[in-house]
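Below is one structure; the comments refer to it alone.
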Amino acid sequence: MSHVQGRHTGGRKGPAKEPSGSVSMMSGPALHTDIAHLSPLLGTWRGKGAGEYPTIDSFTYVEEVTFGHVGKPFLAYSQKTRHAETELPLHAEAGYLRPAGPDRLELVLAQPSGIVEIDEGTVEANDGALEISLDSATVAVSSTAKSVTSVRRIIRVDGDTLTYRVEMGAVGQPHQHHLAATLTRVDQT
Ligand code: HEM
């Protein structure tokens with residue numbers, strides 16, 4: 001009685017094939033060797049953070065982060081947050097983490113607040129933990145965005161725990177702390 005036509009109604013056994021031209025795949029590609037050292041980041045992470053800045057009220061937030069790959073030498077990164085009390089959406093961002101040799105990284109990132117960041121820095125393994133330190137090489141803001149002149153991102157992954165902090169120079173204030181959060185890996189893929 002189903003009126004739905006197509007591959008789900010044909011009674012075919014086994015996995016459905018993707019239509020030709022589709023970029024999705026049934027099983028994921030192998031991790032590119034140039035980003036093998038970044039594998040501790042892979043997956044979906046959830047947790048809580050706190051933010052502050054001299055010009056705003058302090059706040060707490062919940063966050064979901066994903067790091068994924070498509071077999072090419074970069075990680076796709078996305079993040080979204082909600083206010084911990086009101087549950088209203090706060091900041092979000094998406095971009096790509098690119099290796100620049102074995103111990104250096106580039107992050108290209110866009111934010112709906114009209115801010116675009118290119119950060120560069122280092123990645124190293126210390127006592128089994130991955131430590132990433134990135135500083136903005138370029139921050140560009142759209143005509144209507146708030147001014148941001150510098151960003152620093154420190155990320156540490158130890159097993160299934162990811163902690164980070166973000167500092168920034170913005171809206172005429174000197175470079176200083178904006179955010180800190182602790183996330184737990186909820187999905188490895
Ligand atoms: C977890 C990520 C983040 C969260 C939850 C967050 C949250 C907030 C909140 C709640 C405010 C105050 C209200 C508002 O202006 O919307 C704010 C202000 C601001 N944030 Fe963030 N933020 C995040 C990341 C960032 C990043 C990465 C940047 C810059 C690259 C940034 C730049 C700013 C600026 C410029 C302001 C305005 C300060 C002012 O108007 O005085 N934020 N942020």
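If you're wondering about the labels, chains in the structure tokens are A, B, ... by order shown, residues count from 1 in each chain, ligands from 1 in order shown.
If one restricts the calculation to only C-alpha atoms and all ligand atoms, the set of residues situated within 6 Å of ligand 1 consists of Thr55, Ile56, Tyr61, Thr81, Leu90, His91, Lys146, Ser147, Val148, Val151, Ala170 and Val171 of chain A.
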Go ahead and save the picked residues with C-alpha atoms, as a PDB file, in the first residue's frame.
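What follows is the written file result-v3.pdb:
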```
ATOM      1  CA  THR A  55      31.782  44.349  28.277  1.00  0.00           C
ATOM      2  CA  ILE A  56      29.172  41.608  28.788  1.00  0.00           C
ATOM      3  CA  TYR A  61      26.552  27.399  27.941  1.00  0.00           C
ATOM      4  CA  THR A  81      26.067  26.297  21.683  1.00  0.00           C
ATOM      5  CA  LEU A  90      24.277  31.301  21.349  1.00  0.00           C
ATOM      6  CA  HIS A  91      27.437  31.130  19.283  1.00  0.00           C
ATOM      7  CA  LYS A 146      31.628  43.537  16.226  1.00  0.00           C
ATOM      8  CA  SER A 147      35.344  44.273  16.067  1.00  0.00           C
ATOM      9  CA  VAL A 148      37.707  41.393  16.865  1.00  0.00           C
ATOM     10  CA  VAL A 151      41.959  35.202  18.972  1.00  0.00           C
ATOM     11  CA  ALA A 170      37.596  42.595  20.805  1.00  0.00           C
ATOM     12  CA  VAL A 171      35.419  45.713  20.987  1.00  0.00           C
TER      13      VAL A 171
END
```
Neighbour list for segment 63-80 of chain A as a PDB file with C-alpha atoms, in the first residue's frame, cut-off 7 Å, only C-alpha atoms, skip fewer than 3 positions in-chain:
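The file below, part.pdb, is the result:
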```
ATOM      1  CA  PRO A  29      37.017   6.345   3.941  1.00  0.00           C
ATOM      2  CA  ALA A  30      40.340   5.657   5.653  1.00  0.00           C
ATOM      3  CA  LEU A  31      41.829   8.547   7.598  1.00  0.00           C
ATOM      4  CA  HIS A  32      44.402  10.364   5.441  1.00  0.00           C
ATOM      5  CA  ASP A  34      48.660  13.398   7.000  1.00  0.00           C
ATOM      6  CA  ILE A  35      46.009  13.739   9.734  1.00  0.00           C
ATOM      7  CA  LEU A  41      39.820  14.757  17.933  1.00  0.00           C
ATOM      8  CA  LEU A  42      37.446  12.665  15.831  1.00  0.00           C
ATOM      9  CA  GLY A  43      33.835  12.271  16.890  1.00  0.00           C
ATOM     10  CA  THR A  44      31.058  14.209  18.570  1.00  0.00           C
ATOM     11  CA  TRP A  45      31.640  15.956  21.874  1.00  0.00           C
ATOM     12  CA  ARG A  46      29.195  17.480  24.331  1.00  0.00           C
ATOM     13  CA  GLY A  47      29.653  19.468  27.486  1.00  0.00           C
ATOM     14  CA  LYS A  48      29.467  22.752  29.309  1.00  0.00           C
ATOM     15  CA  HIS A  91      27.437  31.130  19.283  1.00  0.00           C
ATOM     16  CA  ALA A  92      28.099  28.635  16.466  1.00  0.00           C
ATOM     17  CA  GLU A  93      30.990  28.192  14.066  1.00  0.00           C
ATOM     18  CA  ALA A  94      32.217  25.867  11.322  1.00  0.00           C
ATOM     19  CA  GLY A  95      35.452  25.361   9.457  1.00  0.00           C
ATOM     20  CA  TYR A  96      38.397  23.154   8.675  1.00  0.00           C
ATOM     21  CA  LEU A  97      41.509  22.114  10.544  1.00  0.00           C
ATOM     22  CA  ARG A  98      44.429  21.642   8.153  1.00  0.00           C
ATOM     23  CA  PRO A  99      47.801  20.094   8.987  1.00  0.00           C
TER      24      PRO A  99
END
```
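Here the residues within segment 72-104 of chain A that DSSP labels strand (DSSP E or B) on the basis of the backbone are Leu75, Ala76, Tyr77, Ser78, Gln79, Lys80, Thr81, Arg82, His83, Pro89, Leu90, His91, Ala92, Glu93, Ala94, Gly95, Tyr96, Leu97, Arg98, Pro99 and Arg104 of chain A.
Distance check against Thr149 of chain A using only C-alpha atoms: of A:Arg165, A:Asn126, A:Gln176, A:Glu106, the minimum falls on A:Gln176.
Omitting His83 of chain A and its sequence neighbours fewer than 4 positions away, and counting only C-alpha atoms, the residues within 8 Å are A:Phe59, A:Thr60, A:Tyr61, A:Val62, A:Glu87, A:Leu88, A:Pro89, A:Leu90.
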Any chance you can output those residues with C-alpha atoms as a PDB file, in the first residue's frame?
```pdb
ATOM      1  CA  PHE A  59      27.207  33.276  31.119  1.00  0.00           C
ATOM      2  CA  THR A  60      27.276  29.478  31.012  1.00  0.00           C
ATOM      3  CA  TYR A  61      26.552  27.399  27.941  1.00  0.00           C
ATOM      4  CA  VAL A  62      26.121  23.860  26.660  1.00  0.00           C
ATOM      5  CA  GLU A  87      18.573  27.087  26.291  1.00  0.00           C
ATOM      6  CA  LEU A  88      18.497  29.758  23.597  1.00  0.00           C
ATOM      7  CA  PRO A  89      21.050  29.366  20.806  1.00  0.00           C
ATOM      8  CA  LEU A  90      24.277  31.301  21.349  1.00  0.00           C
TER       9      LEU A  90
END
```
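Here atom CA of Leu179 of chain A and atom CA of Val166 of chain A stand 5.0 Å from one another.
Here the question is which of A:Ile154, A:Ala145, A:Val108, A:Ile118 gets nearest to Glu131 of chain A using only C-alpha atoms, and that residue is A:Ile154.
Distances from A:Ala36, A:Ala84, A:Val141, A:Ala125 to Ser113 of chain A were compared using only C-alpha atoms, and the smallest one belongs to A:Val141.
When atom CA of Val186 of chain A is paired with atom CA of Tyr164 of chain A, their separation reads 16.8 Å.
Each of A:Ala50, A:Leu107, A:Thr138, A:Val116 was compared to Glu85 of chain A using only C-alpha atoms, and A:Ala50 turns out to be the nearest.
With atom CA of Ser143 of chain A on one side and atom CA of Ser58 of chain A on the other, the separation reads 26.1 Å.
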